[in-house]
$ cat protein_38.pdb   # PDB, C-alpha atoms
ATOM      1  CA  MET A   1     -24.946 116.964  77.467
ATOM      2  CA  SER A   2     -22.647 118.213  74.695
ATOM      3  CA  PRO A   3     -19.376 120.084  75.464
ATOM      4  CA  PHE A   4     -20.749 123.063  73.493
ATOM      5  CA  PHE A   5     -23.828 123.280  75.747
ATOM      6  CA  LEU A   6     -21.641 123.026  78.843
ATOM      7  CA  HIS A   7     -19.506 125.877  77.482
ATOM      8  CA  ILE A   8     -22.612 128.062  77.034
ATOM      9  CA  LEU A   9     -23.771 127.339  80.598
ATOM     10  CA  LEU A  10     -20.340 128.174  81.973
ATOM     11  CA  PHE A  11     -20.273 131.452  80.029
ATOM     12  CA  GLN A  12     -23.708 132.407  81.391
ATOM     13  CA  TYR A  13     -22.577 131.597  84.926
ATOM     14  CA  ILE A  14     -19.528 133.827  84.575
ATOM     15  CA  ILE A  15     -21.644 136.715  83.287
ATOM     16  CA  ILE A  16     -24.045 136.379  86.212
ATOM     17  CA  LYS A  17     -21.160 136.394  88.697
ATOM     18  CA  VAL A  18     -19.515 139.494  87.200
ATOM     19  CA  VAL A  19     -22.491 141.704  86.342
ATOM     20  CA  ILE A  20     -23.965 142.296  89.790
ATOM     21  CA  LEU A  21     -25.234 145.852  89.344
ATOM     22  CA  ASP A  22     -27.362 146.721  86.325
ATOM     23  CA  LYS A  23     -27.346 150.354  85.171
ATOM     24  CA  LYS A  24     -30.737 150.162  83.440
ATOM     25  CA  ILE A  25     -32.391 148.649  86.506
ATOM     26  CA  LEU A  26     -30.782 151.295  88.713
ATOM     27  CA  GLU A  27     -32.065 154.094  86.459
ATOM     28  CA  LYS A  28     -35.571 152.670  86.764
ATOM     29  CA  TYR A  29     -35.500 153.170  90.544
ATOM     30  CA  LEU A  30     -33.997 156.662  90.507
ATOM     31  CA  ASP A  31     -36.207 159.763  90.811
ATOM     32  CA  GLN A  32     -33.985 161.882  88.578
ATOM     33  CA  LYS A  33     -31.646 161.451  85.657
ATOM     34  CA  LEU A  34     -27.985 161.065  86.553
ATOM     35  CA  ASN A  35     -24.816 160.474  84.600
ATOM     36  CA  ILE A  36     -23.991 156.958  85.855
ATOM     37  CA  THR A  37     -20.691 155.162  85.356
ATOM     38  CA  ILE A  38     -20.135 151.655  86.733
ATOM     39  CA  PHE A  39     -16.684 150.075  86.997
ATOM     40  CA  GLU A  40     -15.795 146.522  87.886
ATOM     41  CA  GLU A  41     -12.814 147.904  89.831
ATOM     42  CA  LEU A  42     -11.341 151.306  90.716
ATOM     43  CA  ASP A  43      -8.688 152.455  93.124
ATOM     44  CA  SER A  44     -11.268 154.833  94.628
ATOM     45  CA  THR A  45     -14.565 156.252  93.374
ATOM     46  CA  ASN A  46     -13.729 159.513  95.150
ATOM     47  CA  ASN A  47     -10.357 159.740  93.403
ATOM     48  CA  TYR A  48     -12.014 159.196  90.027
ATOM     49  CA  LEU A  49     -14.592 161.957  90.513
ATOM     50  CA  LYS A  50     -12.072 164.393  91.996
ATOM     51  CA  LYS A  51     -10.142 164.129  88.749
ATOM     52  CA  VAL A  52     -13.184 164.810  86.561
ATOM     53  CA  GLY A  53     -14.489 167.435  88.997
ATOM     54  CA  SER A  54     -11.263 169.403  88.704
ATOM     55  CA  LYS A  55     -11.823 169.502  84.939
ATOM     56  CA  GLY A  56     -15.163 171.269  85.345
ATOM     57  CA  GLU A  57     -17.562 168.410  84.738
ATOM     58  CA  LYS A  58     -21.176 169.159  85.631
ATOM     59  CA  GLU A  59     -22.685 167.748  88.808
ATOM     60  CA  ASN A  60     -24.956 164.734  89.247
ATOM     61  CA  HIS A  61     -22.336 162.255  88.092
ATOM     62  CA  LEU A  62     -22.713 158.999  90.036
ATOM     63  CA  VAL A  63     -19.799 156.561  89.931
ATOM     64  CA  ILE A  64     -20.068 153.033  91.315
ATOM     65  CA  ALA A  65     -17.304 150.441  91.622
ATOM     66  CA  LEU A  66     -17.880 146.759  92.303
ATOM     67  CA  SER A  67     -14.579 146.773  94.202
ATOM     68  CA  GLN A  68     -11.907 149.277  95.217
ATOM     69  CA  THR A  69      -8.185 148.686  95.563
ATOM     70  CA  GLY A  70      -7.616 151.903  97.480
ATOM     71  CA  GLY A  71     -10.871 152.707  99.252
ATOM     72  CA  ARG A  72     -10.420 155.516 101.779
ATOM     73  CA  GLY A  73     -12.190 156.869 104.816
ATOM     74  CA  ARG A  74     -11.630 159.935 106.984
ATOM     75  CA  MET A  75      -8.234 160.627 108.560
ATOM     76  CA  GLY A  76      -6.534 158.661 105.773
ATOM     77  CA  ARG A  77      -7.876 155.303 106.911
ATOM     78  CA  SER A  78      -8.449 152.531 104.385
ATOM     79  CA  PHE A  79     -11.949 151.231 103.645
ATOM     80  CA  TYR A  80     -12.258 147.496 102.986
ATOM     81  CA  SER A  81     -13.887 147.201  99.545
ATOM     82  CA  PRO A  82     -13.921 143.585  98.295
ATOM     83  CA  ASN A  83     -15.664 142.500  95.112
ATOM     84  CA  GLY A  84     -19.298 141.455  95.218
ATOM     85  CA  THR A  85     -20.170 142.285  98.825
ATOM     86  CA  GLY A  86     -20.643 146.050  99.039
ATOM     87  CA  ILE A  87     -21.665 149.245  97.293
ATOM     88  CA  TYR A  88     -18.837 151.702  96.686
ATOM     89  CA  SER A  89     -20.137 154.916  95.140
ATOM     90  CA  SER A  90     -19.458 158.640  94.848
ATOM     91  CA  LEU A  91     -21.492 161.653  93.723
ATOM     92  CA  LEU A  92     -20.038 164.745  92.048
ATOM     93  CA  LEU A  93     -21.740 167.973  93.151
ATOM     94  CA  HIS A  94     -21.329 171.731  92.730
ATOM     95  CA  PRO A  95     -22.983 173.105  95.896
ATOM     96  CA  GLU A  96     -23.863 176.776  96.023
ATOM     97  CA  PHE A  97     -22.642 177.380  99.557
ATOM     98  CA  SER A  98     -19.408 177.968 101.468
ATOM     99  CA  ALA A  99     -16.869 175.290 102.271
ATOM    100  CA  GLU A 100     -17.826 175.670 105.936
ATOM    101  CA  LYS A 101     -21.242 174.220 105.094
ATOM    102  CA  SER A 102     -19.768 171.160 103.376
ATOM    103  CA  LEU A 103     -20.290 169.205 106.589
ATOM    104  CA  PHE A 104     -24.000 169.214 105.750
ATOM    105  CA  LEU A 105     -23.300 167.087 102.654
ATOM    106  CA  THR A 106     -21.924 164.375 104.927
ATOM    107  CA  VAL A 107     -24.912 164.791 107.230
ATOM    108  CA  MET A 108     -27.363 164.438 104.319
ATOM    109  CA  ALA A 109     -25.584 161.315 103.116
ATOM    110  CA  ALA A 110     -25.478 159.817 106.615
ATOM    111  CA  VAL A 111     -29.211 160.313 107.191
ATOM    112  CA  SER A 112     -29.965 158.948 103.705
ATOM    113  CA  VAL A 113     -27.999 155.773 104.394
ATOM    114  CA  ALA A 114     -29.324 155.318 107.939
ATOM    115  CA  GLU A 115     -32.949 155.588 106.828
ATOM    116  CA  THR A 116     -32.345 153.264 103.876
ATOM    117  CA  VAL A 117     -30.657 150.681 106.104
ATOM    118  CA  MET A 118     -33.625 150.864 108.484
ATOM    119  CA  ASN A 119     -35.855 149.626 105.656
ATOM    120  CA  TYR A 120     -33.871 146.398 105.416
ATOM    121  CA  ASN A 121     -32.436 145.878 108.898
ATOM    122  CA  LYS A 122     -34.609 146.632 111.928
ATOM    123  CA  ASN A 123     -31.771 146.399 114.448
ATOM    124  CA  ASP A 124     -30.293 149.435 116.225
ATOM    125  CA  VAL A 125     -29.161 151.797 113.444
ATOM    126  CA  LYS A 126     -27.122 154.838 114.540
ATOM    127  CA  ILE A 127     -24.838 157.500 113.089
ATOM    128  CA  LYS A 128     -21.431 157.912 114.736
ATOM    129  CA  TRP A 129     -20.436 161.538 114.304
ATOM    130  CA  VAL A 130     -19.662 162.538 111.802
ATOM    131  CA  ASN A 131     -19.737 160.015 108.999
ATOM    132  CA  ASP A 132     -20.162 156.363 110.038
ATOM    133  CA  ILE A 133     -23.352 154.308 110.106
ATOM    134  CA  TYR A 134     -23.614 151.604 112.751
ATOM    135  CA  ILE A 135     -25.843 148.581 113.210
ATOM    136  CA  ASP A 136     -25.756 147.265 116.784
ATOM    137  CA  SER A 137     -22.532 149.213 117.483
ATOM    138  CA  LYS A 138     -20.728 147.840 114.400
ATOM    139  CA  LYS A 139     -19.836 149.849 111.299
ATOM    140  CA  VAL A 140     -21.889 149.142 108.176
ATOM    141  CA  CYS A 141     -21.085 152.286 106.165
ATOM    142  CA  GLY A 142     -18.473 155.008 105.893
ATOM    143  CA  ILE A 143     -18.855 158.388 104.180
ATOM    144  CA  LEU A 144     -16.083 160.624 102.882
ATOM    145  CA  THR A 145     -16.760 164.131 101.531
ATOM    146  CA  GLU A 146     -13.944 165.840  99.639
ATOM    147  CA  GLY A 147     -13.668 168.776  97.264
ATOM    148  CA  ALA A 148     -11.946 171.940  96.112
ATOM    149  CA  ILE A 149     -12.372 175.501  97.403
ATOM    150  CA  ASN A 150     -12.506 178.677  95.297
ATOM    151  CA  SER A 151     -10.694 181.881  96.242
ATOM    152  CA  ASP A 152     -13.933 183.277  97.725
ATOM    153  CA  LYS A 153     -14.124 180.205 100.026
ATOM    154  CA  SER A 154     -17.068 178.740  98.112
ATOM    155  CA  LEU A 155     -16.958 175.127  96.970
ATOM    156  CA  ASP A 156     -15.758 174.641  93.405
ATOM    157  CA  TYR A 157     -17.002 171.055  93.582
ATOM    158  CA  ALA A 158     -17.620 168.353  96.163
ATOM    159  CA  VAL A 159     -17.438 164.579  95.999
ATOM    160  CA  VAL A 160     -19.528 162.557  98.443
ATOM    161  CA  GLY A 161     -18.279 158.990  98.733
ATOM    162  CA  ILE A 162     -20.416 156.288 100.330
ATOM    163  CA  GLY A 163     -19.220 152.751 101.055
ATOM    164  CA  ILE A 164     -21.834 150.290 102.333
ATOM    165  CA  ASN A 165     -21.310 146.688 103.423
ATOM    166  CA  VAL A 166     -24.318 144.911 101.906
ATOM    167  CA  VAL A 167     -23.472 141.263 102.632
ATOM    168  CA  VAL A 168     -20.770 139.506 104.629
ATOM    169  CA  PRO A 169     -17.700 138.590 102.523
ATOM    170  CA  GLU A 170     -17.433 134.896 101.655
ATOM    171  CA  ASN A 171     -14.616 134.315 104.148
ATOM    172  CA  GLY A 172     -15.845 136.900 106.639
ATOM    173  CA  PHE A 173     -14.334 140.271 107.420
ATOM    174  CA  PRO A 174     -10.539 140.474 107.876
ATOM    175  CA  GLU A 175      -9.147 139.778 111.324
ATOM    176  CA  ASP A 176      -8.422 143.439 112.082
ATOM    177  CA  ILE A 177     -12.034 144.574 111.535
ATOM    178  CA  LYS A 178     -14.145 141.462 112.123
ATOM    179  CA  ASN A 179     -15.220 142.648 115.589
ATOM    180  CA  ILE A 180     -16.136 146.168 114.474
ATOM    181  CA  ALA A 181     -17.622 145.669 110.976
ATOM    182  CA  THR A 182     -21.005 144.343 109.913
ATOM    183  CA  SER A 183     -23.294 144.253 106.871
ATOM    184  CA  ILE A 184     -26.945 145.027 106.180
ATOM    185  CA  PHE A 185     -27.697 141.376 105.408
ATOM    186  CA  GLN A 186     -26.235 138.295 107.042
ATOM    187  CA  GLY A 187     -27.726 135.843 104.541
ATOM    188  CA  ASN A 188     -29.623 135.823 101.261
ATOM    189  CA  THR A 189     -30.932 139.037  99.720
ATOM    190  CA  GLU A 190     -33.780 139.921  97.388
ATOM    191  CA  GLU A 191     -33.336 140.413  93.653
ATOM    192  CA  ASN A 192     -31.697 143.678  92.498
ATOM    193  CA  ILE A 193     -30.990 144.641  96.098
ATOM    194  CA  LYS A 194     -27.926 146.742  95.291
ATOM    195  CA  GLU A 195     -29.757 148.759  92.665
ATOM    196  CA  LYS A 196     -32.589 149.366  95.140
ATOM    197  CA  ILE A 197     -30.246 150.439  97.944
ATOM    198  CA  VAL A 198     -28.213 152.793  95.744
ATOM    199  CA  ALA A 199     -31.370 154.370  94.330
ATOM    200  CA  GLU A 200     -33.006 154.851  97.727
ATOM    201  CA  VAL A 201     -29.899 156.459  99.219
ATOM    202  CA  VAL A 202     -29.484 158.777  96.212
ATOM    203  CA  ASN A 203     -33.191 159.677  96.086
ATOM    204  CA  ARG A 204     -33.223 160.561  99.774
ATOM    205  CA  PHE A 205     -29.999 162.553  99.439
ATOM    206  CA  PHE A 206     -31.245 164.720  96.586
ATOM    207  CA  LYS A 207     -34.480 165.550  98.422
ATOM    208  CA  MET A 208     -32.316 167.068 101.153
ATOM    209  CA  TYR A 209     -29.780 168.594  98.768
ATOM    210  CA  ASN A 210     -32.500 170.227  96.660
ATOM    211  CA  GLY A 211     -34.308 171.640  99.700
ATOM    212  CA  VAL A 212     -37.396 169.423  99.549
ATOM    213  CA  ASP A 213     -36.550 167.609 102.800
ATOM    214  CA  THR A 214     -35.499 170.269 105.316
ATOM    215  CA  ASP A 215     -35.529 168.575 108.747
ATOM    216  CA  PHE A 216     -32.621 166.184 108.181
ATOM    217  CA  VAL A 217     -30.487 167.817 110.906
ATOM    218  CA  LYS A 218     -33.153 166.965 113.480
ATOM    219  CA  ARG A 219     -33.120 163.357 112.325
ATOM    220  CA  TYR A 220     -29.309 163.305 112.312
ATOM    221  CA  LYS A 221     -29.393 164.263 115.989
ATOM    222  CA  GLU A 222     -31.909 161.503 116.735
ATOM    223  CA  TYR A 223     -29.638 158.904 115.138
ATOM    224  CA  SER A 224     -26.606 160.020 117.186
ATOM    225  CA  TYR A 225     -24.601 157.070 118.459
ATOM    226  CA  LEU A 226     -22.308 159.158 120.674
ATOM    227  CA  THR A 227     -24.817 161.194 122.698
ATOM    228  CA  GLY A 228     -24.313 160.451 126.395
ATOM    229  CA  LYS A 229     -21.105 158.487 125.830
ATOM    230  CA  GLU A 230     -17.650 159.142 127.254
ATOM    231  CA  ILE A 231     -15.181 159.680 124.425
ATOM    232  CA  ASN A 232     -11.603 160.555 123.627
ATOM    233  CA  ILE A 233     -11.047 163.560 121.365
ATOM    234  CA  ILE A 234      -8.073 162.826 119.129
ATOM    235  CA  SER A 235      -6.096 165.709 117.658
ATOM    236  CA  GLY A 236      -2.751 164.728 116.150
ATOM    237  CA  GLU A 237      -0.757 163.041 118.909
ATOM    238  CA  THR A 238      -2.995 164.489 121.633
ATOM    239  CA  THR A 239      -5.934 162.667 123.222
ATOM    240  CA  ARG A 240      -8.252 164.189 125.794
ATOM    241  CA  PRO A 241     -11.422 162.869 127.463
ATOM    242  CA  ALA A 242     -14.909 164.361 127.231
ATOM    243  CA  THR A 243     -18.572 163.444 127.539
ATOM    244  CA  VAL A 244     -20.889 163.931 124.566
ATOM    245  CA  ILE A 245     -23.905 166.127 125.265
ATOM    246  CA  GLY A 246     -25.370 166.021 121.764
ATOM    247  CA  ILE A 247     -25.221 167.499 118.259
ATOM    248  CA  THR A 248     -25.590 171.243 117.544
ATOM    249  CA  ASP A 249     -27.709 172.777 114.784
ATOM    250  CA  ASP A 250     -24.470 173.196 112.804
ATOM    251  CA  CYS A 251     -23.892 169.441 113.221
ATOM    252  CA  HIS A 252     -20.889 169.973 115.468
ATOM    253  CA  LEU A 253     -20.317 167.590 118.354
ATOM    254  CA  LEU A 254     -21.249 169.234 121.680
ATOM    255  CA  VAL A 255     -19.148 167.866 124.556
ATOM    256  CA  LYS A 256     -18.378 168.606 128.182
ATOM    257  CA  ASN A 257     -14.628 168.614 128.730
ATOM    258  CA  GLU A 258     -12.638 167.683 131.850
ATOM    259  CA  SER A 259     -13.071 171.199 133.237
ATOM    260  CA  GLY A 260     -16.840 170.896 132.984
ATOM    261  CA  GLU A 261     -17.029 173.429 130.154
ATOM    262  CA  LEU A 262     -19.144 172.944 127.047
ATOM    263  CA  GLU A 263     -17.181 172.747 123.825
ATOM    264  CA  GLU A 264     -18.086 172.313 120.149
ATOM    265  CA  ILE A 265     -16.007 169.946 118.031
ATOM    266  CA  SER A 266     -16.263 170.686 114.310
ATOM    267  CA  SER A 267     -13.482 168.482 112.962
ATOM    268  CA  GLY A 268     -11.026 165.795 113.951
ATOM    269  CA  ASP A 269     -11.618 162.313 115.282
ATOM    270  CA  VAL A 270     -13.223 160.812 118.359
ATOM    271  CA  SER A 271     -13.409 157.333 119.853
ATOM    272  CA  VAL A 272     -15.642 155.836 122.504
ATOM    273  CA  ARG A 273     -13.825 155.305 125.807
ATOM    274  CA  LEU A 274     -13.872 151.724 126.970
ATOM    275  CA  LYS A 275     -14.873 151.321 130.604
TER     276      LYS A 275
END
$ encode --input "protein_38.pdb" --output "structure tokens"
Amino acid sequence: MSPFFLHILLFQYIIIKVVILDKKILEKYLDQKLNITIFEELDSTNNYLKKVGSKGEKENHLVIALSQTGGRGRMGRSFYSPNGTGIYSSLLLHPEFSAEKSLFLTVMAAVSVAETVMNYNKNDVKIKWVNDIYIDSKKVCGILTEGAINSDKSLDYAVVGIGINVVVPENGFPEDIKNIATSIFQGNTEENIKEKIVAEVVNRFFKMYNGVDTDFVKRYKEYSYLTGKEINIISGETTRPATVIGITDDCHLLVKNESGELEEISSGDVSVRLK
């Protein structure tokens, strides 16, 4: 075999390794036309769209990164985003409702991911209020909704970020998350799997967002990971125990506190109490 032919094979191999999400294939699976931008690497897909959103760009911009150097979750936590193993994406939206209703964007995204994951992994798929998707009690996806508020308390724009672990990293998950993180697939995957997953999540989301699918809150409640569990409610430096009763129609967490009173939690962080 000539050195020239070997060089061509090597070049083809490199291209295959780098180009792991094809825009044209993705567009084929989508139900509607979107402005799609794919990056090999970004600090954060949410950060990118917040910058363009603040400049008045129209909605339906989908940004995908093959890796993130500064992936973020709620409460300022980092989101592990290595190259080649996950889907790190964000959608720019201009919702016509108040900032108080922005929680429903997270709910729509969570249900969209949970139902998509169920198509590929038949294990126990749940949503941990408010924004994490679990498979068998391990996190497979995190969602972060951010935006800007107008003076009339309406949303100027919103960015819905979705990070999904598709396959296990080559050397496994880092030590600090290996016991709490998982992926949709543990082994080989089918062809164009990332394009299919992105498209299914986005298609499901827009059916809810556009009012075609209206019973997503009911399904969000059914996927609840926390219902019936004893938790700690974390607010700043304060932690207090409670038992989760369920999810309200406003997608708040309904708990029974130490005094036996019912209480709705609309923001903040919670963790499951270890027995």
$ atom_distance --input "protein_38.pdb" --atom1 "CA of Leu254 (chain A)" --atom2 "CA of Ser235 (chain A)"
16.1 Å
$ closest_atom_pairs --input "protein_38.pdb" --of "region 150-210 of chain A" --to "region 51-74 of chain A" --cutoff "9 Å" --atoms "all atoms listed in the file" --output "CSV"
residue,atom,partner,partner_atom,distance
A:Asp156,CA,A:Ser54,CA,8.4
A:Tyr157,CA,A:Gly53,CA,6.4
A:Ala158,CA,A:Gly53,CA,7.9
A:Val159,CA,A:Gly53,CA,8.1
A:Gly161,CA,A:Gly73,CA,8.9
A:Gly163,CA,A:Gly71,CA,8.5
$ resolve_selection --input "protein_38.pdb" --expression "the PyMOL selection byres ((chain A and resi 133-140) around 6)" --output "PyMOL selection string"
chain A and resi 124-127+132+141+164-165+180-183
$ atom_distance --input "protein_38.pdb" --atom1 "CA of Asp249 (chain A)" --atom2 "CA of Val217 (chain A)"
6.9 Å
$ atom_distance --input "protein_38.pdb" --atom1 "CA of Glu115 (chain A)" --atom2 "CA of Ile143 (chain A)"
14.6 Å
$ closest_residue --input "protein_38.pdb" --among "A:Val202, A:Val117, A:Ile184, A:Cys251" --to "Lys101 (chain A)" --atoms "only C-alpha atoms"
A:Cys251
$ residues_near_point --input "protein_38.pdb" --point "(-32.9, 156.0, 89.4)" --cutoff "10 Å" --atoms "only C-alpha atoms" --output "CSV table (one decimal) with C-alpha atoms, keeping the file's coordinate frame"
chain,number,residue,atom,x,y,z
A,23,LYS,CA,-27.3,150.4,85.2
A,24,LYS,CA,-30.7,150.2,83.4
A,25,ILE,CA,-32.4,148.6,86.5
A,26,LEU,CA,-30.8,151.3,88.7
A,27,GLU,CA,-32.1,154.1,86.5
A,28,LYS,CA,-35.6,152.7,86.8
A,29,TYR,CA,-35.5,153.2,90.5
A,30,LEU,CA,-34.0,156.7,90.5
A,31,ASP,CA,-36.2,159.8,90.8
A,32,GLN,CA,-34.0,161.9,88.6
A,33,LYS,CA,-31.6,161.5,85.7
A,34,LEU,CA,-28.0,161.1,86.6
A,36,ILE,CA,-24.0,157.0,85.9
A,195,GLU,CA,-29.8,148.8,92.7
A,196,LYS,CA,-32.6,149.4,95.1
A,198,VAL,CA,-28.2,152.8,95.7
A,199,ALA,CA,-31.4,154.4,94.3
A,200,GLU,CA,-33.0,154.9,97.7
A,202,VAL,CA,-29.5,158.8,96.2
A,203,ASN,CA,-33.2,159.7,96.1
$ closest_residue --input "protein_38.pdb" --among "A:Gly260, A:Pro241, A:Gly268, A:Gly86" --to "Val168 (chain A)" --atoms "all atoms listed in the file"
A:Gly86
$ residues_near_point --input "protein_38.pdb" --point "(-19.7, 136.7, 103.2)" --cutoff "10 Å" --atoms "all atoms listed in the file" --output "MDAnalysis selection string"
chainID A and resid 84:85 166:173 183 185:187
$ closest_residue --input "protein_38.pdb" --among "A:Lys221, A:Lys194, A:Lys128, A:Lys178" --to "Gly246 (chain A)" --atoms "all atoms listed in the file"
A:Lys221
$ residues_around --input "protein_38.pdb" --residues "Met108 (chain A)" --least-positions-apart "6" --cutoff "7 Å" --atoms "only C-alpha atoms" --output "PDB file with C-alpha atoms, keeping the file's coordinate frame"
ATOM      1  CA  PHE A 205     -29.999 162.553  99.439  1.00  0.00           C
ATOM      2  CA  MET A 208     -32.316 167.068 101.153  1.00  0.00           C
ATOM      3  CA  PHE A 216     -32.621 166.184 108.181  1.00  0.00           C
TER       4      PHE A 216
END
